[in-house]
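Participant: Mind looking over this structure? Questions follow.
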Amino acid sequence: MEERDSNQNQNTEDEYEKICYICRRPESKAGAMIQMPGNICMCHDCMQKTFDAVTKGGMDFSQIQNMPYMNFNFSDFANMNIPDAQIPQKKKIKKKKAEQKEEPAFDLKDIPAPHKIKESLDEYVVGQEQAKKVISVAVYNHYKRVFYKHDPAFGDVRIEKSNILMIGPTGSGKTYLVKTLARLLDVPLAIADATALTEAGYIGDDIESVISKLLAAADNDVEKAERGIIFIDEIDKIAKKKNTNTRDVSGESVQQELLKILEGSVVEVPVGSNQKNALTPMATVNTDNILFICGGAFPDLEDIIRERLTKTSSIGFQAELRDRYDQDPDILSHVIHKDLRSFGMIPEFLGRLPIVVTFRKLTEPMMVEILTKPKNAIIRQYTKLLELDEVRLVFEEEALNWIAGEALKRETGARALRAIMEEFMLDIMFEVPKDPGIGTVVITREYLEKSGGPRIEMRG
């Protein structure tokens, strides 16, 4: 029985690579390891440096015959009793299985056609029809490129990657659309905030931390992570600062460092950590097949677009009026790269984001739809909560219109709907469970305007 257990443990140990105790490199990168007492492993480079530091004579281990097979194991000596607290815990890295072709995680057949992707997005995201259409086609073409990259049928044609830049006011659904898209496609998704990124060498997150988040979302599976989606939010916050004499460590320099991973390069990232150091194992990730989606509100971009459009105004019967674009709700749809450069984005960065998607500002009818239409609409969430208390929740149409109008005044997009609902549903969620006789609660406009109360209907 003991012999079988020891064989089992030996087989388990053989599946994992040895890691150098000093430089933390695995056996596949550092070469054969030297076994030390207490399960400590050291690579030849670190052992040589150690002896050089001690002897200062430069003992060359490469001259010793059969050095890769040497095994310094002094566990037989009675005098070497190493306490358990000093024995390091192993960070295990599985060995790569040679000559074993694994089945792909999913095939192109698992990715729905563009119209199917849009239909699925329609169930969760209200409005923004053009944006959903553009993103559906871009994502489908991206995964066709991934799966048929080495297909001989393409010949010499190489399909380039098309990253996406999303522009729209706050609360218009940019982040929510990407989250929904990743959930529908069942691919790893990492959402990074551009405001935390800084130039290498300064306090903050390095560019590689964005890839580390995707690797963590893919359970440290490099192959799975290389087919994922990275959404960099608040991308407008790394615009080039104007009229500043200080070093711009979180602006133009971050854009320049993002260029390499946007276009596609091999990046070494720390596994399980955002910081590179000698104690963290590294993984190599190719960003060529990762789809990057950048999104931002770009405040004041509307004024830049409006100024450019009105410059063409002239005098005459066919001249454009100077105030023609002042009240245009869809002014962002006229954006061009020149406007984004004026905002502070460098041309090289914009060139790697060829697809530009603009989101429209939400209107009152769209706000009402957001309250009621999506599968996980806010009103459906509160209805489900009260159903658990066996109470039916009803909203009058006038009440819905009032909530939508109030949300527009706050100018924070769809996020304002949640804030308003939380404010007015607090008393109802607190009082209703007190009385088991309540059967229905009807939210009226008078209650929202604080000129009356909700209509209560008792059971039976």
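Ordered as shown in the structure tokens, chains take letters A, B, and onward, while each chain numbers its residues from 1 and ligands are numbered from 1 in the order shown.
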Using only C-alpha atoms, which residues sit within 12 Å of Asp45 of chain A once same-chain residues fewer than 2 positions away are excluded, as a ChimeraX atom specification?

Facilitator: /A:20-25,29-34,41-43,47-52,59-62,68

Participant: I want to know what sits within 8 Å of Phe349 of chain A, based on only C-alpha atoms, with residues of the same chain fewer than 5 positions away left out; could you give that as a list in words?

Facilitator: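 Here the answer would be Gln255, Gln256, Leu258 and Leu259 of chain A.
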
Participant: Those same residues - C-alpha atoms - I'd like them written as a JSON list (two decimals), in the first residue's frame.

Facilitator:
[["chain", "number", "residue", "atom", "x", "y", "z"],
["A", 255, "GLN", "CA", -0.19, 55.72, -25.77],
["A", 256, "GLN", "CA", 3.25, 55.01, -27.20],
["A", 258, "LEU", "CA", 0.31, 50.61, -25.95],
["A", 259, "LEU", "CA", 1.28, 50.57, -29.63]]

Participant: Using only C-alpha atoms, which residues sit within 12 Å of Ala196 of chain A once same-chain residues fewer than 3 positions away are excluded, as a PyMOL selection string?

Facilitator: chain A and resi 192-193+199+202-207+209-210+232-235+237-238+249-251+254

Participant: Could the residues in this selection be written to a file with N, CA, C and O atoms, as a compact mmCIF listing (two decimals), in the first residue's frame?

Facilitator:
# COMPACT_ATOMS: atom_id res chain seq x y z
N ALA A 192 -9.70 46.77 -18.19
CA ALA A 192 -8.63 47.54 -17.55
C ALA A 192 -9.00 49.02 -17.60
O ALA A 192 -9.73 49.48 -18.49
N ASP A 193 -8.49 49.76 -16.64
CA ASP A 193 -8.75 51.19 -16.56
C ASP A 193 -7.49 51.94 -16.98
O ASP A 193 -6.43 51.77 -16.38
N GLU A 199 3.85 55.34 -17.36
CA GLU A 199 5.07 54.99 -18.09
C GLU A 199 5.92 54.05 -17.24
O GLU A 199 5.89 54.10 -16.01
N TYR A 202 7.54 54.21 -13.26
CA TYR A 202 6.82 55.07 -12.33
C TYR A 202 5.78 54.26 -11.56
O TYR A 202 5.37 53.19 -11.98
N ILE A 203 5.35 54.79 -10.42
CA ILE A 203 4.37 54.10 -9.60
C ILE A 203 3.05 54.04 -10.36
O ILE A 203 2.55 55.05 -10.86
N GLY A 204 2.47 52.85 -10.43
CA GLY A 204 1.24 52.62 -11.19
C GLY A 204 1.34 51.29 -11.91
O GLY A 204 2.29 50.53 -11.72
N ASP A 205 0.37 51.00 -12.72
CA ASP A 205 0.36 49.74 -13.47
C ASP A 205 1.13 49.89 -14.77
O ASP A 205 0.97 50.87 -15.50
N ASP A 206 1.97 48.88 -15.07
CA ASP A 206 2.64 48.83 -16.36
C ASP A 206 1.65 48.36 -17.42
O ASP A 206 0.57 47.85 -17.12
N ILE A 207 2.06 48.53 -18.69
CA ILE A 207 1.19 48.11 -19.79
C ILE A 207 0.94 46.60 -19.73
O ILE A 207 -0.14 46.11 -20.07
N SER A 209 0.37 44.79 -17.31
CA SER A 209 -0.65 44.40 -16.33
C SER A 209 -2.00 44.18 -16.99
O SER A 209 -2.84 43.44 -16.48
N VAL A 210 -2.21 44.82 -18.14
CA VAL A 210 -3.45 44.61 -18.89
C VAL A 210 -3.52 43.16 -19.37
O VAL A 210 -4.58 42.50 -19.28
N ILE A 232 -10.16 48.36 -22.71
CA ILE A 232 -9.46 49.42 -21.97
C ILE A 232 -10.40 50.61 -21.86
O ILE A 232 -10.67 51.30 -22.85
N ASP A 233 -10.91 50.82 -20.66
CA ASP A 233 -11.89 51.89 -20.42
C ASP A 233 -11.17 53.20 -20.11
O ASP A 233 -9.98 53.20 -19.77
N GLU A 234 -11.91 54.29 -20.20
CA GLU A 234 -11.38 55.63 -19.92
C GLU A 234 -10.13 55.92 -20.75
O GLU A 234 -9.15 56.49 -20.26
N ILE A 235 -10.15 55.51 -22.02
CA ILE A 235 -8.97 55.69 -22.88
C ILE A 235 -8.71 57.17 -23.16
O ILE A 235 -7.58 57.56 -23.49
N LYS A 237 -8.51 59.41 -21.03
CA LYS A 237 -7.74 60.00 -19.92
C LYS A 237 -6.23 59.94 -20.18
O LYS A 237 -5.46 60.52 -19.42
N ILE A 238 -5.79 59.22 -21.22
CA ILE A 238 -4.36 59.18 -21.53
C ILE A 238 -4.05 60.08 -22.73
O ILE A 238 -3.04 59.91 -23.40
N VAL A 249 3.67 61.38 -17.57
CA VAL A 249 3.92 59.94 -17.38
C VAL A 249 2.66 59.10 -17.56
O VAL A 249 2.73 57.88 -17.64
N SER A 250 1.50 59.73 -17.62
CA SER A 250 0.26 58.96 -17.79
C SER A 250 -0.53 59.43 -19.01
O SER A 250 -1.74 59.24 -19.08
N GLY A 251 0.15 60.06 -19.95
CA GLY A 251 -0.53 60.58 -21.13
C GLY A 251 0.03 60.01 -22.41
O GLY A 251 -0.15 58.84 -22.73
N VAL A 254 2.03 56.69 -22.38
CA VAL A 254 1.24 55.46 -22.26
C VAL A 254 0.69 55.06 -23.62
O VAL A 254 0.66 53.87 -23.97

Participant: Among segment 160-302 of chain A, which residues carry a DSSP assignment of strand (DSSP E or B), reported as a ChimeraX atom specification?

Facilitator: /A:164-167,189-193,197,205,229-233,266-270,282-286,291-296

Participant: Those residues with N, CA, C and O atoms, as a short mmCIF file (atom, residue, chain, number, x, y, z; two decimals), in the first residue's frame please?

Facilitator:
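Printed below is again.cif as written:
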data_model
loop_
_atom_site.label_atom_id
_atom_site.label_comp_id
_atom_site.auth_asym_id
_atom_site.auth_seq_id
_atom_site.Cartn_x
_atom_site.Cartn_y
_atom_site.Cartn_z
N ILE A 164 -11.00 48.15 -32.04
CA ILE A 164 -12.19 49.01 -32.05
C ILE A 164 -12.01 50.15 -31.05
O ILE A 164 -11.52 49.95 -29.93
N LEU A 165 -12.41 51.35 -31.45
CA LEU A 165 -12.46 52.51 -30.56
C LEU A 165 -13.92 52.93 -30.40
O LEU A 165 -14.59 53.23 -31.39
N MET A 166 -14.42 52.93 -29.16
CA MET A 166 -15.81 53.31 -28.89
C MET A 166 -15.84 54.68 -28.23
O MET A 166 -15.15 54.91 -27.23
N ILE A 167 -16.65 55.57 -28.80
CA ILE A 167 -16.77 56.94 -28.30
C ILE A 167 -18.23 57.19 -27.97
O ILE A 167 -19.12 56.91 -28.78
N LEU A 189 -12.50 37.75 -20.85
CA LEU A 189 -12.59 39.20 -20.96
C LEU A 189 -11.84 39.85 -19.82
O LEU A 189 -11.98 39.44 -18.66
N ALA A 190 -11.03 40.85 -20.13
CA ALA A 190 -10.34 41.64 -19.11
C ALA A 190 -10.71 43.10 -19.32
O ALA A 190 -10.63 43.61 -20.45
N ILE A 191 -11.14 43.75 -18.25
CA ILE A 191 -11.48 45.16 -18.31
C ILE A 191 -10.43 45.93 -17.51
O ILE A 191 -10.27 45.71 -16.30
N ALA A 192 -9.70 46.77 -18.19
CA ALA A 192 -8.63 47.54 -17.55
C ALA A 192 -9.00 49.02 -17.60
O ALA A 192 -9.73 49.48 -18.49
N ASP A 193 -8.49 49.76 -16.64
CA ASP A 193 -8.75 51.19 -16.56
C ASP A 193 -7.49 51.94 -16.98
O ASP A 193 -6.43 51.77 -16.38
N LEU A 197 -2.71 53.36 -15.67
CA LEU A 197 -1.51 53.03 -16.43
C LEU A 197 -0.53 54.20 -16.42
O LEU A 197 -0.93 55.36 -16.60
N ASP A 205 0.37 51.00 -12.72
CA ASP A 205 0.36 49.74 -13.47
C ASP A 205 1.13 49.89 -14.77
O ASP A 205 0.97 50.87 -15.50
N ILE A 229 -10.65 38.95 -25.23
CA ILE A 229 -10.97 40.34 -25.52
C ILE A 229 -10.48 41.20 -24.36
O ILE A 229 -10.69 40.86 -23.18
N ILE A 230 -9.79 42.29 -24.67
CA ILE A 230 -9.36 43.25 -23.65
C ILE A 230 -10.07 44.57 -23.90
O ILE A 230 -10.00 45.13 -25.01
N PHE A 231 -10.78 45.05 -22.89
CA PHE A 231 -11.47 46.34 -22.98
C PHE A 231 -10.74 47.34 -22.09
O PHE A 231 -10.66 47.17 -20.87
N ILE A 232 -10.16 48.36 -22.71
CA ILE A 232 -9.46 49.42 -21.97
C ILE A 232 -10.40 50.61 -21.86
O ILE A 232 -10.67 51.30 -22.85
N ASP A 233 -10.91 50.82 -20.66
CA ASP A 233 -11.89 51.89 -20.42
C ASP A 233 -11.17 53.20 -20.11
O ASP A 233 -9.98 53.20 -19.77
N VAL A 266 4.90 39.73 -28.86
CA VAL A 266 5.09 38.72 -27.82
C VAL A 266 5.52 39.43 -26.55
O VAL A 266 6.54 40.12 -26.53
N VAL A 267 4.72 39.27 -25.49
CA VAL A 267 4.95 39.99 -24.25
C VAL A 267 5.13 38.99 -23.12
O VAL A 267 4.38 38.01 -23.02
N GLU A 268 6.12 39.23 -22.27
CA GLU A 268 6.31 38.41 -21.06
C GLU A 268 5.58 39.09 -19.91
O GLU A 268 5.86 40.25 -19.59
N VAL A 269 4.65 38.37 -19.30
CA VAL A 269 3.84 38.95 -18.23
C VAL A 269 3.96 38.08 -16.99
O VAL A 269 4.13 36.86 -17.08
N PRO A 270 3.86 38.69 -15.80
CA PRO A 270 3.90 37.90 -14.56
C PRO A 270 2.61 37.12 -14.37
O PRO A 270 1.53 37.61 -14.69
N MET A 282 6.98 33.86 -14.94
CA MET A 282 6.56 34.64 -16.10
C MET A 282 5.94 33.73 -17.15
O MET A 282 6.24 32.54 -17.23
N ALA A 283 5.05 34.31 -17.95
CA ALA A 283 4.43 33.59 -19.06
C ALA A 283 4.55 34.45 -20.32
O ALA A 283 4.51 35.68 -20.24
N THR A 284 4.70 33.80 -21.46
CA THR A 284 4.84 34.51 -22.74
C THR A 284 3.50 34.49 -23.46
O THR A 284 2.94 33.42 -23.73
N VAL A 285 2.96 35.67 -23.77
CA VAL A 285 1.65 35.80 -24.42
C VAL A 285 1.82 36.56 -25.73
O VAL A 285 2.46 37.62 -25.77
N ASN A 286 1.24 36.02 -26.80
CA ASN A 286 1.24 36.68 -28.10
C ASN A 286 -0.07 37.45 -28.24
O ASN A 286 -1.16 36.86 -28.22
N LEU A 291 -8.33 40.64 -29.28
CA LEU A 291 -9.10 41.78 -29.78
C LEU A 291 -9.12 42.88 -28.71
O LEU A 291 -9.53 42.65 -27.57
N PHE A 292 -8.64 44.06 -29.09
CA PHE A 292 -8.62 45.20 -28.17
C PHE A 292 -9.77 46.14 -28.49
O PHE A 292 -9.95 46.54 -29.65
N ILE A 293 -10.53 46.48 -27.46
CA ILE A 293 -11.62 47.45 -27.60
C ILE A 293 -11.33 48.57 -26.61
O ILE A 293 -11.20 48.33 -25.41
N CYS A 294 -11.20 49.79 -27.11
CA CYS A 294 -10.92 50.95 -26.26
C CYS A 294 -12.16 51.83 -26.22
O CYS A 294 -12.79 52.07 -27.27
N GLY A 295 -12.51 52.30 -25.05
CA GLY A 295 -13.70 53.12 -24.93
C GLY A 295 -13.46 54.33 -24.05
O GLY A 295 -12.66 54.29 -23.12
N GLY A 296 -14.16 55.42 -24.35
CA GLY A 296 -14.02 56.62 -23.54
C GLY A 296 -15.13 57.60 -23.83
O GLY A 296 -15.78 57.55 -24.90
#

Participant: For segment 427-430 of chain A, list every protein, DNA or RNA residue within 9 Å, evaluated using only C-alpha atoms, and leave out those in the same chain fewer than 3 positions away; present the list as a list in words.

Facilitator: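 That gives Leu385, Leu386, Glu423, Phe424, Pro433, Lys434, Val441 and Pro454 of chain A.
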
Participant: Emit the selected residues as a CSV table (one decimal), in the first residue's frame, including N, CA, C and O atoms.

Facilitator:
chain,number,residue,atom,x,y,z
A,385,LEU,N,-37.5,40.9,-6.6
A,385,LEU,CA,-37.3,41.0,-5.2
A,385,LEU,C,-38.5,40.9,-4.4
A,385,LEU,O,-38.6,40.3,-3.3
A,386,LEU,N,-39.6,41.7,-4.8
A,386,LEU,CA,-40.8,41.7,-4.1
A,386,LEU,C,-41.6,40.4,-4.3
A,386,LEU,O,-42.5,40.1,-3.4
A,423,GLU,N,-33.5,55.3,-4.6
A,423,GLU,CA,-34.0,56.4,-3.7
A,423,GLU,C,-35.5,56.2,-3.3
A,423,GLU,O,-35.9,56.3,-2.2
A,424,PHE,N,-36.3,55.9,-4.4
A,424,PHE,CA,-37.7,55.8,-4.1
A,424,PHE,C,-38.2,54.4,-3.7
A,424,PHE,O,-39.3,54.3,-3.2
A,433,PRO,N,-42.5,44.3,3.8
A,433,PRO,CA,-42.4,43.0,4.6
A,433,PRO,C,-43.1,43.1,6.0
A,433,PRO,O,-43.3,42.0,6.5
A,434,LYS,N,-43.4,44.3,6.5
A,434,LYS,CA,-44.0,44.4,7.8
A,434,LYS,C,-45.4,43.8,7.8
A,434,LYS,O,-45.9,43.2,8.8
A,441,VAL,N,-48.4,46.5,-4.9
A,441,VAL,CA,-47.9,47.9,-4.7
A,441,VAL,C,-47.8,48.6,-6.1
A,441,VAL,O,-47.1,48.1,-7.0
A,454,PRO,N,-47.7,55.6,-2.8
A,454,PRO,CA,-48.0,54.5,-3.7
A,454,PRO,C,-49.4,53.9,-3.4
A,454,PRO,O,-49.9,54.0,-2.2

Participant: Measuring between only C-alpha atoms, which one of A:Val368, A:Leu214, A:Val391, A:Leu362 shows the shortest distance to Val271 of chain A?

Facilitator: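 Smallest distance to Val271 of chain A is found for A:Leu214.
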
Participant: Write out as a PDB file with N, CA, C and O atoms, in the first residue's frame each polymer residue whose atoms come within 8 Å of Ala131 of chain A, counting only C-alpha atoms; drop sequence neighbours fewer than 3 positions from it.

Facilitator:
ATOM      1  N   GLN A 128     -28.636  52.168 -29.749  1.00  0.00           N
ATOM      2  CA  GLN A 128     -27.268  52.056 -30.278  1.00  0.00           C
ATOM      3  C   GLN A 128     -27.206  51.016 -31.401  1.00  0.00           C
ATOM      4  O   GLN A 128     -26.318  50.162 -31.429  1.00  0.00           O
ATOM      5  N   VAL A 134     -21.883  47.360 -36.029  1.00  0.00           N
ATOM      6  CA  VAL A 134     -20.450  47.453 -36.336  1.00  0.00           C
ATOM      7  C   VAL A 134     -19.657  46.465 -35.486  1.00  0.00           C
ATOM      8  O   VAL A 134     -18.777  45.748 -35.979  1.00  0.00           O
ATOM      9  N   ILE A 135     -19.956  46.403 -34.188  1.00  0.00           N
ATOM     10  CA  ILE A 135     -19.211  45.525 -33.286  1.00  0.00           C
ATOM     11  C   ILE A 135     -19.473  44.059 -33.606  1.00  0.00           C
ATOM     12  O   ILE A 135     -18.555  43.224 -33.548  1.00  0.00           O
ATOM     13  N   VAL A 357     -16.491  53.513 -33.388  1.00  0.00           N
ATOM     14  CA  VAL A 357     -17.925  53.362 -33.139  1.00  0.00           C
ATOM     15  C   VAL A 357     -18.368  54.483 -32.219  1.00  0.00           C
ATOM     16  O   VAL A 357     -17.739  54.721 -31.184  1.00  0.00           O
ATOM     17  N   THR A 358     -19.429  55.184 -32.596  1.00  0.00           N
ATOM     18  CA  THR A 358     -19.946  56.264 -31.755  1.00  0.00           C
ATOM     19  C   THR A 358     -21.291  55.846 -31.157  1.00  0.00           C
ATOM     20  O   THR A 358     -22.099  55.188 -31.820  1.00  0.00           O
ATOM     21  N   PHE A 359     -21.493  56.231 -29.900  1.00  0.00           N
ATOM     22  CA  PHE A 359     -22.743  55.947 -29.193  1.00  0.00           C
ATOM     23  C   PHE A 359     -23.556  57.231 -29.082  1.00  0.00           C
ATOM     24  O   PHE A 359     -23.008  58.292 -28.765  1.00  0.00           O
TER      25      PHE A 359
END

Participant: Considering only C-alpha atoms, state which residue in the set A:Leu393, A:Ala399, A:Val157, A:Ala407 is at the smallest distance from Met367 of chain A.

Facilitator: A:Ala407

Participant: One decimal, in Å: what's the spacing between atom CA of Gly264 of chain A and atom CA of Thr287 of chain A?

Facilitator: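 Pair atom CA of Gly264 of chain A / atom CA of Thr287 of chain A returns 4.8 Å.
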
Participant: What's the separation between atom CA of Leu177 of chain A and atom CA of Ile420 of chain A, in Å to one decimal place?

Facilitator: 22.2 Å

Participant: Within 10 Å of Lys373 of chain A, counting only C-alpha atoms, which residues show up once you throw out same-chain ones fewer than 6 positions away? Write them as a PyMOL selection string, please.

Facilitator: chain A and resi 122-126+366-367+379-380

Participant: Between atom CA of Ser136 of chain A and atom CA of Glu119 of chain A, measure the distance and give it in Å to one decimal.

Facilitator: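 Computing it gives 9.7 Å between the two atoms.
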